[in-house]
file work34.cif (mmCIF, C-alpha atoms)
data_upload
#
loop_
_atom_site.group_PDB
_atom_site.id
_atom_site.type_symbol
_atom_site.label_atom_id
_atom_site.label_comp_id
_atom_site.auth_asym_id
_atom_site.auth_seq_id
_atom_site.Cartn_x
_atom_site.Cartn_y
_atom_site.Cartn_z
ATOM 1 C CA MET A 152 84.424 113.568 116.288
ATOM 2 C CA LEU A 153 87.570 111.459 115.894
ATOM 3 C CA LEU A 154 86.373 107.996 114.936
ATOM 4 C CA GLN A 155 87.899 104.729 116.068
ATOM 5 C CA ASN A 156 88.329 103.176 112.635
ATOM 6 C CA ARG A 157 92.033 102.752 111.818
ATOM 7 C CA VAL A 158 93.361 99.180 111.916
ATOM 8 C CA THR A 159 96.854 98.287 113.110
ATOM 9 C CA PRO A 160 98.820 95.219 111.952
ATOM 10 C CA ASP A 161 97.880 93.362 115.138
ATOM 11 C CA GLY A 162 94.194 93.859 114.341
ATOM 12 C CA THR A 163 93.513 96.539 116.953
ATOM 13 C CA ILE A 164 91.168 99.340 115.868
ATOM 14 C CA VAL A 165 92.369 102.777 116.983
ATOM 15 C CA ALA A 166 91.229 106.386 116.593
ATOM 16 C CA SER A 167 93.053 108.347 113.890
ATOM 17 C CA ASN A 168 92.334 111.098 111.369
ATOM 18 C CA LYS A 169 94.499 109.429 108.722
ATOM 19 C CA ARG A 170 92.692 107.374 106.086
ATOM 20 C CA GLY A 171 95.483 105.205 104.721
ATOM 21 C CA THR A 172 95.283 103.622 101.260
ATOM 22 C CA LEU A 173 92.593 100.972 101.768
ATOM 23 C CA MET A 174 89.171 100.737 103.358
ATOM 24 C CA GLY A 175 87.475 97.588 104.626
ATOM 25 C CA ASN A 176 85.047 96.097 107.098
ATOM 26 C CA ARG A 177 84.183 93.238 109.460
ATOM 27 C CA GLY A 178 80.440 93.945 109.582
ATOM 28 C CA ILE A 179 78.650 96.325 111.945
ATOM 29 C CA LEU A 180 80.935 97.064 114.893
ATOM 30 C CA HIS A 181 79.548 100.422 116.098
ATOM 31 C CA ASP A 182 76.475 101.676 117.937
ATOM 32 C CA HIS A 183 74.232 104.654 117.095
ATOM 33 C CA GLY A 184 76.737 106.963 118.785
ATOM 34 C CA LYS A 185 79.497 105.796 116.383
ATOM 35 C CA ARG A 186 81.307 104.032 119.210
ATOM 36 C CA LEU A 187 82.847 100.596 118.679
ATOM 37 C CA VAL A 188 81.079 97.889 120.697
ATOM 38 C CA ARG A 189 82.707 94.774 119.160
ATOM 39 C CA VAL A 190 85.783 93.852 117.126
ATOM 40 C CA SER A 191 84.100 91.450 114.702
ATOM 41 C CA ALA A 192 80.613 90.734 113.402
ATOM 42 C CA ASN A 193 81.360 88.066 110.780
ATOM 43 C CA LYS A 194 84.135 85.904 109.346
ATOM 44 C CA ALA A 195 84.465 87.766 106.039
ATOM 45 C CA TRP A 196 86.990 90.451 106.957
ATOM 46 C CA ILE A 197 87.620 92.356 103.739
ATOM 47 C CA ALA A 198 89.826 95.138 102.361
ATOM 48 C CA CYS A 199 88.388 97.548 99.800
ATOM 49 C CA SER A 200 89.428 100.351 97.461
ATOM 50 C CA LEU A 201 89.203 103.833 98.946
ATOM 51 C CA GLU A 202 87.393 105.019 95.821
ATOM 52 C CA PHE A 203 85.008 102.958 93.687
ATOM 53 C CA GLN A 204 82.519 104.155 91.080
ATOM 54 C CA GLY A 205 82.209 107.549 92.758
ATOM 55 C CA ILE A 206 80.404 106.090 95.785
ATOM 56 C CA ARG A 207 80.540 108.291 98.904
ATOM 57 C CA ARG A 208 79.656 106.828 102.280
ATOM 58 C CA GLU A 209 78.640 108.343 105.585
ATOM 59 C CA LEU A 210 81.106 106.861 108.058
ATOM 60 C CA MET A 211 79.579 104.622 110.716
ATOM 61 C CA LYS A 212 76.015 105.199 109.564
ATOM 62 C CA PRO A 213 73.520 103.493 111.904
ATOM 63 C CA GLY A 214 72.658 100.009 110.647
ATOM 64 C CA SER A 215 75.473 99.966 108.078
ATOM 65 C CA TYR A 216 78.855 98.263 108.231
ATOM 66 C CA THR A 217 81.722 99.977 110.037
ATOM 67 C CA GLU A 218 84.202 101.503 107.595
ATOM 68 C CA LEU A 219 87.767 100.622 108.623
ATOM 69 C CA PHE A 220 90.995 101.991 107.161
ATOM 70 C CA PHE A 221 94.462 100.508 106.601
ATOM 71 C CA LEU A 222 97.845 101.997 105.807
ATOM 72 C CA ASP A 223 98.376 99.437 103.023
ATOM 73 C CA GLU A 224 97.830 95.818 101.943
ATOM 74 C CA PRO A 225 100.431 94.245 104.261
ATOM 75 C CA THR A 226 98.695 95.971 107.189
ATOM 76 C CA ALA A 227 95.291 94.681 106.120
ATOM 77 C CA TYR A 228 96.653 91.164 105.586
ATOM 78 C CA ALA A 229 98.411 91.162 108.973
ATOM 79 C CA ALA A 230 95.155 92.115 110.684
ATOM 80 C CA GLY A 231 93.487 89.185 108.901
ATOM 81 C CA HIS A 232 91.617 90.945 106.085
ATOM 82 C CA ARG A 233 91.560 89.791 102.463
ATOM 83 C CA PRO A 234 90.530 91.582 99.200
ATOM 84 C CA CYS A 235 86.872 92.409 98.544
ATOM 85 C CA ASN A 236 84.981 90.543 95.817
ATOM 86 C CA TYR A 237 83.129 93.728 94.793
ATOM 87 C CA CYS A 238 85.726 96.470 94.352
ATOM 88 C CA GLN A 239 88.926 94.374 94.411
ATOM 89 C CA LYS A 240 88.010 91.520 92.085
ATOM 90 C CA ASP A 241 91.436 91.217 90.447
ATOM 91 C CA ARG A 242 93.241 91.340 93.789
ATOM 92 C CA LEU A 243 90.859 88.743 95.238
ATOM 93 C CA ARG A 244 91.336 86.471 92.232
ATOM 94 C CA ALA A 245 95.117 86.592 92.656
ATOM 95 C CA PHE A 246 94.821 86.086 96.399
ATOM 96 C CA LYS A 247 92.442 83.129 96.108
ATOM 97 C CA THR A 248 94.536 81.404 93.434
ATOM 98 C CA CYS A 249 97.681 81.767 95.518
ATOM 99 C CA TRP A 250 95.944 80.824 98.768
ATOM 100 C CA ILE A 251 94.604 77.579 97.287
ATOM 101 C CA ALA A 252 97.991 76.637 95.814
ATOM 102 C CA ALA A 253 99.780 77.362 99.081
ATOM 103 C CA ASN A 254 97.261 76.115 101.636
ATOM 104 C CA ALA A 255 94.490 73.843 100.319
ATOM 105 C CA ALA A 256 96.389 70.593 100.817
ATOM 106 C CA ARG A 257 97.678 71.687 104.242
ATOM 107 C CA HIS A 258 94.083 72.259 105.395
ATOM 108 C CA ASN A 259 92.679 69.228 103.522
ATOM 109 C CA LEU A 260 90.351 71.379 101.398
ATOM 110 C CA GLN A 261 89.404 69.809 98.065
ATOM 111 C CA SER A 262 87.602 72.744 96.405
ATOM 112 C CA PRO A 263 87.990 75.782 98.675
ATOM 113 C CA THR A 264 85.337 78.466 98.387
ATOM 114 C CA MET A 265 85.820 81.939 99.859
ATOM 115 C CA PRO A 266 83.584 81.088 102.854
ATOM 116 C CA LEU A 267 85.822 78.084 103.608
ATOM 117 C CA ILE A 268 88.945 80.221 103.227
ATOM 118 C CA ASP A 269 87.382 82.846 105.500
ATOM 119 C CA ASN A 270 86.817 80.134 108.111
ATOM 120 C CA VAL A 271 90.515 79.259 108.066
ATOM 121 C CA LEU A 272 91.542 82.926 108.201
ATOM 122 C CA HIS A 273 89.195 83.602 111.112
ATOM 123 C CA ALA A 274 90.763 80.811 113.159
ATOM 124 C CA GLU A 275 94.225 82.155 112.339
ATOM 125 C CA ARG A 276 93.574 85.794 113.236
ATOM 126 C CA ILE A 277 91.432 85.956 116.372
ATOM 127 C CA ASP A 278 90.630 83.882 119.438
ATOM 128 C CA LYS A 279 87.624 84.813 121.567
ATOM 129 C CA ALA A 280 89.511 84.177 124.800
ATOM 130 C CA LYS A 281 93.014 85.365 123.880
ATOM 131 C CA GLY A 282 92.469 87.976 121.149
ATOM 132 C CA LYS A 283 94.974 88.199 118.287
ATOM 133 C CA VAL A 284 96.361 84.838 117.182
ATOM 134 C CA THR A 285 100.131 84.832 116.643
ATOM 135 C CA TYR A 286 102.850 82.252 116.193
ATOM 136 C CA THR A 287 106.634 82.091 116.444
ATOM 137 C CA ASP A 288 109.117 81.630 113.608
ATOM 138 C CA LYS A 289 112.642 82.629 112.664
ATOM 139 C CA ILE A 290 113.316 85.809 110.707
ATOM 140 C CA ALA A 291 114.965 83.843 107.894
ATOM 141 C CA ASN A 292 111.792 81.818 107.338
ATOM 142 C CA LEU A 293 109.543 84.833 106.807
ATOM 143 C CA PRO A 294 108.875 86.198 103.300
ATOM 144 C CA ASP A 295 108.565 89.878 102.449
ATOM 145 C CA GLY A 296 105.117 91.233 103.339
ATOM 146 C CA THR A 297 105.052 89.593 106.779
ATOM 147 C CA PHE A 298 104.503 91.622 109.953
ATOM 148 C CA ILE A 299 106.122 90.776 113.272
ATOM 149 C CA ASN A 300 105.951 92.170 116.784
ATOM 150 C CA TYR A 301 109.331 93.302 118.096
ATOM 151 C CA ASN A 302 109.893 95.174 121.372
ATOM 152 C CA GLY A 303 106.203 96.079 121.473
ATOM 153 C CA GLY A 304 106.142 97.570 117.967
ATOM 154 C CA CYS A 305 104.895 96.290 114.610
ATOM 155 C CA TYR A 306 107.532 95.755 111.921
ATOM 156 C CA LEU A 307 107.119 94.799 108.262
ATOM 157 C CA LYS A 308 109.706 92.567 106.639
ATOM 158 C CA TRP A 309 110.440 94.072 103.250
ATOM 159 C CA GLY A 310 113.578 94.054 101.128
ATOM 160 C CA GLY A 311 115.434 92.013 103.718
ATOM 161 C CA ARG A 312 114.910 94.599 106.474
ATOM 162 C CA LEU A 313 112.315 95.250 109.169
ATOM 163 C CA HIS A 314 110.440 98.555 108.824
ATOM 164 C CA GLN A 315 108.642 100.077 111.821
ATOM 165 C CA TRP A 316 104.923 100.690 111.245
ATOM 166 C CA SER A 317 102.872 103.716 112.312
ATOM 167 C CA VAL A 318 99.476 105.082 111.291
ATOM 168 C CA ALA A 319 101.317 107.708 109.195
ATOM 169 C CA GLY A 320 103.663 105.303 107.402
ATOM 170 C CA TYR A 321 106.905 103.394 107.863
ATOM 171 C CA GLY A 322 109.731 104.757 110.001
ATOM 172 C CA GLU A 323 113.183 103.457 110.815
ATOM 173 C CA SER A 324 114.330 100.113 109.461
ATOM 174 C CA ILE A 325 116.372 97.572 111.396
ATOM 175 C CA THR A 326 117.876 94.140 110.894
ATOM 176 C CA LEU A 327 117.795 91.172 113.234
ATOM 177 C CA PRO A 328 119.807 87.943 113.185
ATOM 178 C CA ALA A 329 118.386 85.508 110.631
ATOM 179 C CA ASP A 330 118.033 82.782 113.234
ATOM 180 C CA GLN A 331 116.206 84.976 115.774
ATOM 181 C CA SER A 332 112.728 83.775 116.701
ATOM 182 C CA VAL A 333 110.018 86.447 116.570
ATOM 183 C CA THR A 334 106.262 86.753 117.081
ATOM 184 C CA VAL A 335 104.488 86.720 113.705
ATOM 185 C CA LEU A 336 101.332 88.843 113.352
ATOM 186 C CA THR A 337 100.315 87.946 109.786
ATOM 187 C CA PRO A 338 98.048 84.857 109.642
ATOM 188 C CA LYS A 339 100.020 81.775 108.734
ATOM 189 C CA SER A 340 98.117 80.923 105.541
ATOM 190 C CA ILE A 341 98.700 84.462 104.231
ATOM 191 C CA VAL A 342 102.411 84.173 105.022
ATOM 192 C CA GLU A 343 102.356 81.018 102.890
ATOM 193 C CA CYS A 344 100.771 83.064 100.086
ATOM 194 C CA PHE A 345 103.656 85.554 100.252
ATOM 195 C CA ARG A 346 106.088 82.655 100.215
ATOM 196 C CA ASN A 347 104.383 81.348 97.067
ATOM 197 C CA GLY A 348 104.496 84.565 95.051
ATOM 198 C CA LEU A 349 101.723 86.884 96.249
ATOM 199 C CA VAL A 350 103.170 90.413 96.384
ATOM 200 C CA PRO A 351 101.221 92.951 98.485
ATOM 201 C CA GLU A 352 101.101 96.662 97.639
ATOM 202 C CA VAL A 353 103.183 98.563 100.208
ATOM 203 C CA HIS A 354 102.773 102.186 101.311
ATOM 204 C CA SER A 355 105.153 104.598 99.534
ATOM 205 C CA SER A 356 106.813 105.594 102.821
ATOM 206 C CA ILE A 357 108.645 102.249 102.766
ATOM 207 C CA ASN A 358 111.105 103.827 100.298
ATOM 208 C CA LYS A 359 112.087 106.476 102.846
ATOM 209 C CA SER A 360 112.646 104.204 105.825
#
call {"tool": "encode", "arguments": {"input": "work34.cif", "output": "structure tokens"}}
result
Amino acid sequence: MLLQNRVTPDGTIVASNKRGTLMGNRGILHDHGKRLVRVSANKAWIACSLEFQGIRRELMKPGSYTELFFLDEPTAYAAGHRPCNYCQKDRLRAFKTCWIAANAARHNLQSPTMPLIDNVLHAERIDKAKGKVTYTDKIANLPDGTFINYNGGCYLKWGGRLHQWSVAGYGESITLPADQSVTVLTPKSIVECFRNGLVPEVHSSINKS
């Protein structure tokens, strides 16, 4: 059975037999037939290591969280996920430090905890009525690691170019005028993290696009 468990940069969960480089979850999203019945069950959307301490999981086990998979970190970030505190402690520490430096004052948070940060991220990534939250900005203003929507496709800005995303990896790269306004998929506070030095780990196919 082909499971619906692969996450795209716009947060959609699609069916694919490709695992990607990261796992993650948003709580229990599936029913006993391993069919998705919701897109979110909590505000702590996390990204995890594919392998950790030899643990092997049954995918979409009844009563257990729904295992989701991402091509790479920029994909997970664009969908609104952040590193796990269990298997990605170092990545979470770097993310939290950068997030606080880049965003705490903007959101008037004195001592941000991860639950408070998750609240901000949740408001930036999904709206119950409209779905995926996006915003508009100019290409020149976006740091590497940011995903945009262009002509119906998802593109990652990396190395000054835009690389087309697919479940298998990155395809052709293009350039757009620096002053062109585009739809940004990555939550705004995470874009600010990239702008302030957080460097996500990108799938190896980026070097071939």
call {"tool": "closest_residue", "arguments": {"input": "work34.cif", "among": "A:Ala245, A:Leu260, A:Leu336, A:Leu327", "to": "Thr287 (chain A)", "atoms": "only C-alpha atoms"}}
result
A:Leu336
call {"tool": "atom_distance", "arguments": {"input": "work34.cif", "atom1": "CA of Ala291 (chain A)", "atom2": "CA of Ala198 (chain A)"}}
result
28.1 Å
call {"tool": "closest_residue", "arguments": {"input": "work34.cif", "among": "A:Lys339, A:Thr297, A:Arg189, A:Val350", "to": "Thr285 (chain A)", "atoms": "only C-alpha atoms"}}
result
A:Lys339
call {"tool": "closest_residue", "arguments": {"input": "work34.cif", "among": "A:Val335, A:Leu173, A:Ile268, A:Met211", "to": "Leu153 (chain A)", "atoms": "only C-alpha atoms"}}
result
A:Met211
call {"tool": "closest_residue", "arguments": {"input": "work34.cif", "among": "A:Leu180, A:Leu293, A:Ile277, A:Ile164", "to": "Val342 (chain A)", "atoms": "all atoms listed in the file"}}
result
A:Leu293
call {"tool": "closest_residue", "arguments": {"input": "work34.cif", "among": "A:Val190, A:Tyr301, A:His183, A:Glu209", "to": "Lys279 (chain A)", "atoms": "all atoms listed in the file"}}
result
A:Val190
call {"tool": "residues_around", "arguments": {"input": "work34.cif", "residues": "Ser317 (chain A)", "least_positions_apart": "6", "cutoff": "10 Å", "atoms": "only C-alpha atoms", "output": "list of chain:residue names"}}
result
A:Thr159, A:Pro160, A:Leu222, A:Gly304, A:Cys305, A:Tyr306
call {"tool": "resolve_selection", "arguments": {"input": "work34.cif", "expression": "the PyMOL selection byres ((chain A and resi 155) around 9)", "output": "ChimeraX atom specification"}}
result
/A:153-154,156-158,164-167,185-187,219
call {"tool": "atom_distance", "arguments": {"input": "work34.cif", "atom1": "CA of Cys238 (chain A)", "atom2": "CA of Arg207 (chain A)"}}
result
13.7 Å
call {"tool": "residues_near_point", "arguments": {"input": "work34.cif", "point": "(119.1, 90.9, 110.3)", "cutoff": "10 Å", "atoms": "only C-alpha atoms", "output": "ChimeraX atom specification"}}
result
/A:290-291,311-313,325-331
call {"tool": "residues_around", "arguments": {"input": "work34.cif", "residues": "Ala255 (chain A)", "least_positions_apart": "2", "cutoff": "12 Å", "atoms": "all atoms listed in the file", "output": "list in words"}}
result
Lys247, Thr248, Cys249, Trp250, Ile251, Ala252, Ala253, Arg257, His258, Asn259, Leu260, Gln261, Ser262, Pro263, Thr264, Met265, Leu267, Ile268, Val271, Ser340, Glu343 and Cys344 of chain A
call {"tool": "residues_around", "arguments": {"input": "work34.cif", "residues": "Asp288 (chain A)", "least_positions_apart": "5", "cutoff": "7 Å", "atoms": "all atoms listed in the file", "output": "number ranges by chain"}}
result
A: 332-335
call {"tool": "atom_distance", "arguments": {"input": "work34.cif", "atom1": "CA of Phe220 (chain A)", "atom2": "CA of Arg208 (chain A)"}}
result
13.3 Å
call {"tool": "closest_residue", "arguments": {"input": "work34.cif", "among": "A:Val318, A:Asp278, A:Leu349, A:Tyr286", "to": "Arg244 (chain A)", "atoms": "only C-alpha atoms"}}
result
A:Leu349
